[in-house]
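Structure below is protein-v1.pdb: PDB, N, CA and C atoms.
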```
ATOM      1  N   MET S  15     -37.052   8.713 -20.274
ATOM      2  CA  MET S  15     -36.156   7.703 -19.736
ATOM      3  C   MET S  15     -34.708   8.217 -19.728
ATOM      4  N   ASN S  16     -34.333   8.957 -20.754
ATOM      5  CA  ASN S  16     -32.979   9.487 -20.832
ATOM      6  C   ASN S  16     -32.709  10.492 -19.715
ATOM      7  N   LYS S  17     -33.721  11.295 -19.378
ATOM      8  CA  LYS S  17     -33.545  12.272 -18.301
ATOM      9  C   LYS S  17     -33.335  11.576 -16.969
ATOM     10  N   VAL S  18     -34.081  10.518 -16.734
ATOM     11  CA  VAL S  18     -33.959   9.776 -15.473
ATOM     12  C   VAL S  18     -32.570   9.148 -15.381
ATOM     13  N   LEU S  19     -32.115   8.563 -16.473
ATOM     14  CA  LEU S  19     -30.796   7.929 -16.480
ATOM     15  C   LEU S  19     -29.681   8.956 -16.301
ATOM     16  N   SER S  20     -29.802  10.112 -16.955
ATOM     17  CA  SER S  20     -28.757  11.131 -16.824
ATOM     18  C   SER S  20     -28.741  11.713 -15.408
ATOM     19  N   ARG S  21     -29.929  11.881 -14.782
ATOM     20  CA  ARG S  21     -29.966  12.356 -13.400
ATOM     21  C   ARG S  21     -29.344  11.330 -12.457
ATOM     22  N   PHE S  22     -29.604  10.053 -12.723
ATOM     23  CA  PHE S  22     -29.035   8.992 -11.893
ATOM     24  C   PHE S  22     -27.510   8.976 -11.995
ATOM     25  N   LEU S  23     -26.981   9.148 -13.174
ATOM     26  CA  LEU S  23     -25.530   9.125 -13.367
ATOM     27  C   LEU S  23     -24.847  10.348 -12.763
ATOM     28  N   LYS S  24     -25.547  11.487 -12.697
ATOM     29  CA  LYS S  24     -24.972  12.698 -12.134
ATOM     30  C   LYS S  24     -25.102  12.772 -10.615
ATOM     31  N   ASP S  25     -25.973  11.953 -10.037
ATOM     32  CA  ASP S  25     -26.220  11.988  -8.590
ATOM     33  C   ASP S  25     -25.015  11.402  -7.854
ATOM     34  N   GLU S  26     -24.418  12.193  -6.972
ATOM     35  CA  GLU S  26     -23.242  11.761  -6.223
ATOM     36  C   GLU S  26     -23.517  11.658  -4.724
ATOM     37  N   SER S  27     -24.768  11.685  -4.313
ATOM     38  CA  SER S  27     -25.072  11.666  -2.881
ATOM     39  C   SER S  27     -24.695  10.335  -2.235
ATOM     40  N   GLY S  28     -24.793   9.250  -2.950
ATOM     41  CA  GLY S  28     -24.407   7.954  -2.399
ATOM     42  C   GLY S  28     -22.903   7.771  -2.321
ATOM     43  N   ALA S  29     -22.163   8.493  -3.134
ATOM     44  CA  ALA S  29     -20.705   8.352  -3.168
ATOM     45  C   ALA S  29     -20.083   8.778  -1.839
ATOM     46  N   THR S  30     -20.614   9.827  -1.239
ATOM     47  CA  THR S  30     -20.035  10.273   0.030
ATOM     48  C   THR S  30     -20.300   9.262   1.137
ATOM     49  N   ALA S  31     -21.456   8.619   1.110
ATOM     50  CA  ALA S  31     -21.752   7.589   2.109
ATOM     51  C   ALA S  31     -20.792   6.419   1.963
ATOM     52  N   ILE S  32     -20.502   6.043   0.750
ATOM     53  CA  ILE S  32     -19.554   4.953   0.504
ATOM     54  C   ILE S  32     -18.161   5.353   0.971
ATOM     55  N   GLU S  33     -17.768   6.587   0.707
ATOM     56  CA  GLU S  33     -16.452   7.058   1.141
ATOM     57  C   GLU S  33     -16.335   7.043   2.662
ATOM     58  N   TYR S  34     -17.389   7.498   3.348
ATOM     59  CA  TYR S  34     -17.369   7.463   4.813
ATOM     60  C   TYR S  34     -17.312   6.031   5.317
ATOM     61  N   GLY S  35     -17.991   5.136   4.652
ATOM     62  CA  GLY S  35     -17.941   3.721   5.024
ATOM     63  C   GLY S  35     -16.551   3.145   4.866
ATOM     64  N   LEU S  36     -15.870   3.502   3.785
ATOM     65  CA  LEU S  36     -14.498   3.021   3.570
ATOM     66  C   LEU S  36     -13.535   3.590   4.609
ATOM     67  N   ILE S  37     -13.725   4.849   4.966
ATOM     68  CA  ILE S  37     -12.883   5.461   5.999
ATOM     69  C   ILE S  37     -13.107   4.765   7.334
ATOM     70  N   ALA S  38     -14.369   4.502   7.672
ATOM     71  CA  ALA S  38     -14.676   3.816   8.923
ATOM     72  C   ALA S  38     -14.092   2.406   8.937
ATOM     73  N   ALA S  39     -14.149   1.720   7.815
ATOM     74  CA  ALA S  39     -13.578   0.374   7.727
ATOM     75  C   ALA S  39     -12.057   0.420   7.913
ATOM     76  N   GLY S  40     -11.405   1.402   7.313
ATOM     77  CA  GLY S  40      -9.952   1.531   7.473
ATOM     78  C   GLY S  40      -9.558   1.819   8.904
ATOM     79  N   ILE S  41     -10.307   2.693   9.567
ATOM     80  CA  ILE S  41     -10.027   2.989  10.975
ATOM     81  C   ILE S  41     -10.246   1.749  11.832
ATOM     82  N   SER S  42     -11.298   0.990  11.524
ATOM     83  CA  SER S  42     -11.571  -0.239  12.279
ATOM     84  C   SER S  42     -10.437  -1.248  12.143
ATOM     85  N   VAL S  43      -9.925  -1.398  10.948
ATOM     86  CA  VAL S  43      -8.808  -2.328  10.727
ATOM     87  C   VAL S  43      -7.586  -1.881  11.511
ATOM     88  N   ALA S  44      -7.318  -0.588  11.536
ATOM     89  CA  ALA S  44      -6.172  -0.072  12.280
ATOM     90  C   ALA S  44      -6.343  -0.306  13.777
ATOM     91  N   ILE S  45      -7.541  -0.109  14.291
ATOM     92  CA  ILE S  45      -7.793  -0.331  15.720
ATOM     93  C   ILE S  45      -7.642  -1.804  16.063
ATOM     94  N   ILE S  46      -8.166  -2.687  15.224
ATOM     95  CA  ILE S  46      -8.048  -4.125  15.480
ATOM     96  C   ILE S  46      -6.590  -4.555  15.473
ATOM     97  N   ALA S  47      -5.805  -4.046  14.542
ATOM     98  CA  ALA S  47      -4.384  -4.389  14.476
ATOM     99  C   ALA S  47      -3.654  -3.900  15.727
ATOM    100  N   ALA S  48      -3.972  -2.694  16.187
ATOM    101  CA  ALA S  48      -3.319  -2.153  17.383
ATOM    102  C   ALA S  48      -3.696  -2.949  18.621
ATOM    103  N   VAL S  49      -4.961  -3.328  18.738
ATOM    104  CA  VAL S  49      -5.402  -4.111  19.899
ATOM    105  C   VAL S  49      -4.741  -5.481  19.895
ATOM    106  N   ASN S  50      -4.632  -6.097  18.735
ATOM    107  CA  ASN S  50      -3.963  -7.404  18.660
ATOM    108  C   ASN S  50      -2.493  -7.301  19.056
ATOM    109  N   ALA S  51      -1.827  -6.257  18.607
ATOM    110  CA  ALA S  51      -0.411  -6.083  18.939
ATOM    111  C   ALA S  51      -0.235  -5.815  20.428
ATOM    112  N   LEU S  52      -1.073  -4.956  20.993
ATOM    113  CA  LEU S  52      -0.975  -4.656  22.421
ATOM    114  C   LEU S  52      -1.423  -5.829  23.275
ATOM    115  N   GLY S  53      -2.358  -6.619  22.778
ATOM    116  CA  GLY S  53      -2.841  -7.775  23.523
ATOM    117  C   GLY S  53      -1.733  -8.765  23.809
ATOM    118  N   SER S  54      -0.874  -9.010  22.840
ATOM    119  CA  SER S  54       0.244  -9.928  23.030
ATOM    120  C   SER S  54       1.218  -9.381  24.070
ATOM    121  N   THR S  55       1.471  -8.107  24.021
ATOM    122  CA  THR S  55       2.385  -7.475  24.974
ATOM    123  C   THR S  55       1.825  -7.539  26.391
ATOM    124  N   VAL S  56       0.554  -7.236  26.532
ATOM    125  CA  VAL S  56      -0.074  -7.260  27.854
ATOM    126  C   VAL S  56      -0.106  -8.679  28.402
ATOM    127  N   THR S  57      -0.395  -9.652  27.544
ATOM    128  CA  THR S  57      -0.413 -11.045  27.977
ATOM    129  C   THR S  57       0.968 -11.462  28.476
ATOM    130  N   GLY S  58       1.991 -11.089  27.749
ATOM    131  CA  GLY S  58       3.352 -11.411  28.180
ATOM    132  C   GLY S  58       3.698 -10.766  29.508
ATOM    133  N   THR S  59       3.276  -9.558  29.712
ATOM    134  CA  THR S  59       3.540  -8.857  30.967
ATOM    135  C   THR S  59       2.844  -9.545  32.133
ATOM    136  N   PHE S  60       1.579  -9.897  31.972
ATOM    137  CA  PHE S  60       0.855 -10.570  33.045
ATOM    138  C   PHE S  60       1.412 -11.963  33.321
ATOM    139  N   GLU S  61       1.874 -12.660  32.296
ATOM    140  CA  GLU S  61       2.489 -13.974  32.509
ATOM    141  C   GLU S  61       3.787 -13.831  33.290
ATOM    142  N   ALA S  62       4.571 -12.803  32.993
ATOM    143  CA  ALA S  62       5.819 -12.564  33.743
ATOM    144  C   ALA S  62       5.527 -12.232  35.197
ATOM    145  N   ILE S  63       4.518 -11.419  35.433
ATOM    146  CA  ILE S  63       4.145 -11.063  36.805
ATOM    147  C   ILE S  63       3.664 -12.311  37.548
ATOM    148  N   ASN S  64       2.859 -13.113  36.868
ATOM    149  CA  ASN S  64       2.334 -14.322  37.488
ATOM    150  C   ASN S  64       3.456 -15.303  37.830
ATOM    151  N   SER S  65       4.425 -15.463  36.960
ATOM    152  CA  SER S  65       5.518 -16.402  37.239
ATOM    153  C   SER S  65       6.402 -15.874  38.383
ATOM    154  N   ASN S  66       6.540 -14.563  38.510
ATOM    155  CA  ASN S  66       7.337 -14.000  39.594
ATOM    156  C   ASN S  66       6.633 -14.109  40.938
ATOM    157  N   MET S  67       5.312 -14.156  40.940
ATOM    158  CA  MET S  67       4.554 -14.244  42.178
ATOM    159  C   MET S  67       4.574 -15.659  42.755
ATOM    160  N   ASN S  68       4.781 -16.645  41.902
ATOM    161  CA  ASN S  68       4.782 -18.037  42.377
ATOM    162  C   ASN S  68       6.083 -18.405  42.946
TER
END
```

Render the structure in this file as structure tokens.
Amino acid sequence: MNKVLSRFLKDESGATAIEYGLIAAGISVAIIAAVNALGSTVTGTFEAINSNMN
């Protein structure tokens, strides 16, 4: 039982998967923030164009 527990504690293969998951989550948050910021700008631009066309 001690050997199994010590092998489990030394195994780091799952740690890299978790790290990649955290990196992907951080990139996703950055993309969502950028899209939200650009979305407001684009909406304002289209509203200005629409008001000028009328």

Quick one, how far is atom C of Lys17 in chain S from CA of Glu33 in chain S?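 A separation of 25.2 Å between them.
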
CA of Arg21 in chain S and CA of Ala38 in chain S, how far apart in Å?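 Value for the CA of Ala38 in chain S-CA of Arg21 in chain S distance: 28.4 Å.
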
Edge lengths and centre, in Å to one decimal, as AutoDock Vina command-line options: that's what I need for the box along x, y and z that holds all listed atoms of range 37-49 of chain S plus 6 Å on each side.
```
--center_x -9.0 --center_y 0.0 --center_z 12.4 --size_x 23.4 --size_y 22.9 --size_z 26.9
```

Can I get a file of range 25-37 of chain S from the given structure, all heavy atoms kept, as a PDB file, in the first residue's frame?
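Written output follows (selection-v7.pdb):
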```pdb
ATOM      1  N   ASP S  25       3.648  10.941  -9.099  1.00  0.00           N
ATOM      2  CA  ASP S  25       3.147  11.030 -10.476  1.00  0.00           C
ATOM      3  C   ASP S  25       2.727  12.470 -10.773  1.00  0.00           C
ATOM      4  O   ASP S  25       1.887  13.037 -10.097  1.00  0.00           O
ATOM      5  CB  ASP S  25       1.960  10.087 -10.664  1.00  0.00           C
ATOM      6  CG  ASP S  25       1.496  10.033 -12.101  1.00  0.00           C
ATOM      7  OD1 ASP S  25       2.249  10.459 -12.991  1.00  0.00           O
ATOM      8  OD2 ASP S  25       0.376   9.547 -12.326  1.00  0.00           O
ATOM      9  N   GLU S  26       3.330  13.063 -11.795  1.00  0.00           N
ATOM     10  CA  GLU S  26       3.037  14.445 -12.164  1.00  0.00           C
ATOM     11  C   GLU S  26       2.385  14.549 -13.542  1.00  0.00           C
ATOM     12  O   GLU S  26       2.292  15.635 -14.112  1.00  0.00           O
ATOM     13  CB  GLU S  26       4.318  15.273 -12.138  1.00  0.00           C
ATOM     14  CG  GLU S  26       4.916  15.399 -10.761  1.00  0.00           C
ATOM     15  CD  GLU S  26       6.153  16.276 -10.769  1.00  0.00           C
ATOM     16  OE1 GLU S  26       6.513  16.810 -11.825  1.00  0.00           O
ATOM     17  OE2 GLU S  26       6.765  16.416  -9.701  1.00  0.00           O
ATOM     18  N   SER S  27       1.921  13.450 -14.100  1.00  0.00           N
ATOM     19  CA  SER S  27       1.359  13.492 -15.452  1.00  0.00           C
ATOM     20  C   SER S  27       0.059  14.289 -15.504  1.00  0.00           C
ATOM     21  O   SER S  27      -0.230  14.930 -16.497  1.00  0.00           O
ATOM     22  CB  SER S  27       1.133  12.072 -15.968  1.00  0.00           C
ATOM     23  OG  SER S  27       0.199  11.395 -15.149  1.00  0.00           O
ATOM     24  N   GLY S  28      -0.721  14.271 -14.461  1.00  0.00           N
ATOM     25  CA  GLY S  28      -1.959  15.046 -14.438  1.00  0.00           C
ATOM     26  C   GLY S  28      -1.719  16.531 -14.237  1.00  0.00           C
ATOM     27  O   GLY S  28      -2.548  17.356 -14.615  1.00  0.00           O
ATOM     28  N   ALA S  29      -0.596  16.890 -13.655  1.00  0.00           N
ATOM     29  CA  ALA S  29      -0.296  18.295 -13.373  1.00  0.00           C
ATOM     30  C   ALA S  29      -0.158  19.096 -14.667  1.00  0.00           C
ATOM     31  O   ALA S  29      -0.621  20.231 -14.740  1.00  0.00           O
ATOM     32  CB  ALA S  29       0.966  18.415 -12.537  1.00  0.00           C
ATOM     33  N   THR S  30       0.446  18.499 -15.678  1.00  0.00           N
ATOM     34  CA  THR S  30       0.609  19.240 -16.930  1.00  0.00           C
ATOM     35  C   THR S  30      -0.733  19.463 -17.612  1.00  0.00           C
ATOM     36  O   THR S  30      -0.956  20.504 -18.209  1.00  0.00           O
ATOM     37  CB  THR S  30       1.567  18.499 -17.887  1.00  0.00           C
ATOM     38  OG1 THR S  30       1.098  17.169 -18.077  1.00  0.00           O
ATOM     39  CG2 THR S  30       2.964  18.466 -17.345  1.00  0.00           C
ATOM     40  N   ALA S  31      -1.636  18.500 -17.508  1.00  0.00           N
ATOM     41  CA  ALA S  31      -2.970  18.673 -18.088  1.00  0.00           C
ATOM     42  C   ALA S  31      -3.707  19.808 -17.391  1.00  0.00           C
ATOM     43  O   ALA S  31      -4.377  20.618 -18.047  1.00  0.00           O
ATOM     44  CB  ALA S  31      -3.761  17.380 -17.985  1.00  0.00           C
ATOM     45  N   ILE S  32      -3.576  19.888 -16.098  1.00  0.00           N
ATOM     46  CA  ILE S  32      -4.211  20.970 -15.341  1.00  0.00           C
ATOM     47  C   ILE S  32      -3.601  22.311 -15.728  1.00  0.00           C
ATOM     48  O   ILE S  32      -4.309  23.308 -15.896  1.00  0.00           O
ATOM     49  CB  ILE S  32      -4.089  20.714 -13.826  1.00  0.00           C
ATOM     50  CG1 ILE S  32      -4.936  19.501 -13.436  1.00  0.00           C
ATOM     51  CG2 ILE S  32      -4.505  21.934 -13.027  1.00  0.00           C
ATOM     52  CD1 ILE S  32      -4.735  19.038 -12.020  1.00  0.00           C
ATOM     53  N   GLU S  33      -2.290  22.353 -15.887  1.00  0.00           N
ATOM     54  CA  GLU S  33      -1.628  23.597 -16.280  1.00  0.00           C
ATOM     55  C   GLU S  33      -2.094  24.059 -17.657  1.00  0.00           C
ATOM     56  O   GLU S  33      -2.370  25.239 -17.870  1.00  0.00           O
ATOM     57  CB  GLU S  33      -0.114  23.409 -16.273  1.00  0.00           C
ATOM     58  CG  GLU S  33       0.458  23.257 -14.881  1.00  0.00           C
ATOM     59  CD  GLU S  33       1.907  22.804 -14.884  1.00  0.00           C
ATOM     60  OE1 GLU S  33       2.428  22.509 -15.977  1.00  0.00           O
ATOM     61  OE2 GLU S  33       2.500  22.730 -13.805  1.00  0.00           O
ATOM     62  N   TYR S  34      -2.203  23.115 -18.599  1.00  0.00           N
ATOM     63  CA  TYR S  34      -2.696  23.476 -19.931  1.00  0.00           C
ATOM     64  C   TYR S  34      -4.135  23.960 -19.860  1.00  0.00           C
ATOM     65  O   TYR S  34      -4.530  24.880 -20.568  1.00  0.00           O
ATOM     66  CB  TYR S  34      -2.576  22.299 -20.895  1.00  0.00           C
ATOM     67  CG  TYR S  34      -1.178  22.055 -21.386  1.00  0.00           C
ATOM     68  CD1 TYR S  34      -0.615  20.789 -21.326  1.00  0.00           C
ATOM     69  CD2 TYR S  34      -0.407  23.087 -21.899  1.00  0.00           C
ATOM     70  CE1 TYR S  34       0.673  20.553 -21.776  1.00  0.00           C
ATOM     71  CE2 TYR S  34       0.885  22.869 -22.350  1.00  0.00           C
ATOM     72  CZ  TYR S  34       1.413  21.597 -22.285  1.00  0.00           C
ATOM     73  OH  TYR S  34       2.683  21.384 -22.728  1.00  0.00           O
ATOM     74  N   GLY S  35      -4.926  23.359 -19.010  1.00  0.00           N
ATOM     75  CA  GLY S  35      -6.308  23.802 -18.825  1.00  0.00           C
ATOM     76  C   GLY S  35      -6.382  25.211 -18.278  1.00  0.00           C
ATOM     77  O   GLY S  35      -7.212  26.020 -18.710  1.00  0.00           O
ATOM     78  N   LEU S  36      -5.519  25.531 -17.323  1.00  0.00           N
ATOM     79  CA  LEU S  36      -5.494  26.889 -16.761  1.00  0.00           C
ATOM     80  C   LEU S  36      -5.036  27.915 -17.796  1.00  0.00           C
ATOM     81  O   LEU S  36      -5.568  29.027 -17.856  1.00  0.00           O
ATOM     82  CB  LEU S  36      -4.589  26.933 -15.530  1.00  0.00           C
ATOM     83  CG  LEU S  36      -5.117  26.214 -14.298  1.00  0.00           C
ATOM     84  CD1 LEU S  36      -4.053  26.173 -13.216  1.00  0.00           C
ATOM     85  CD2 LEU S  36      -6.385  26.868 -13.788  1.00  0.00           C
ATOM     86  N   ILE S  37      -4.067  27.541 -18.613  1.00  0.00           N
ATOM     87  CA  ILE S  37      -3.603  28.441 -19.674  1.00  0.00           C
ATOM     88  C   ILE S  37      -4.723  28.686 -20.676  1.00  0.00           C
ATOM     89  O   ILE S  37      -4.974  29.829 -21.085  1.00  0.00           O
ATOM     90  CB  ILE S  37      -2.349  27.866 -20.363  1.00  0.00           C
ATOM     91  CG1 ILE S  37      -1.160  27.911 -19.403  1.00  0.00           C
ATOM     92  CG2 ILE S  37      -2.033  28.621 -21.642  1.00  0.00           C
ATOM     93  CD1 ILE S  37       0.053  27.138 -19.884  1.00  0.00           C
TER      94      ILE S  37
END
```
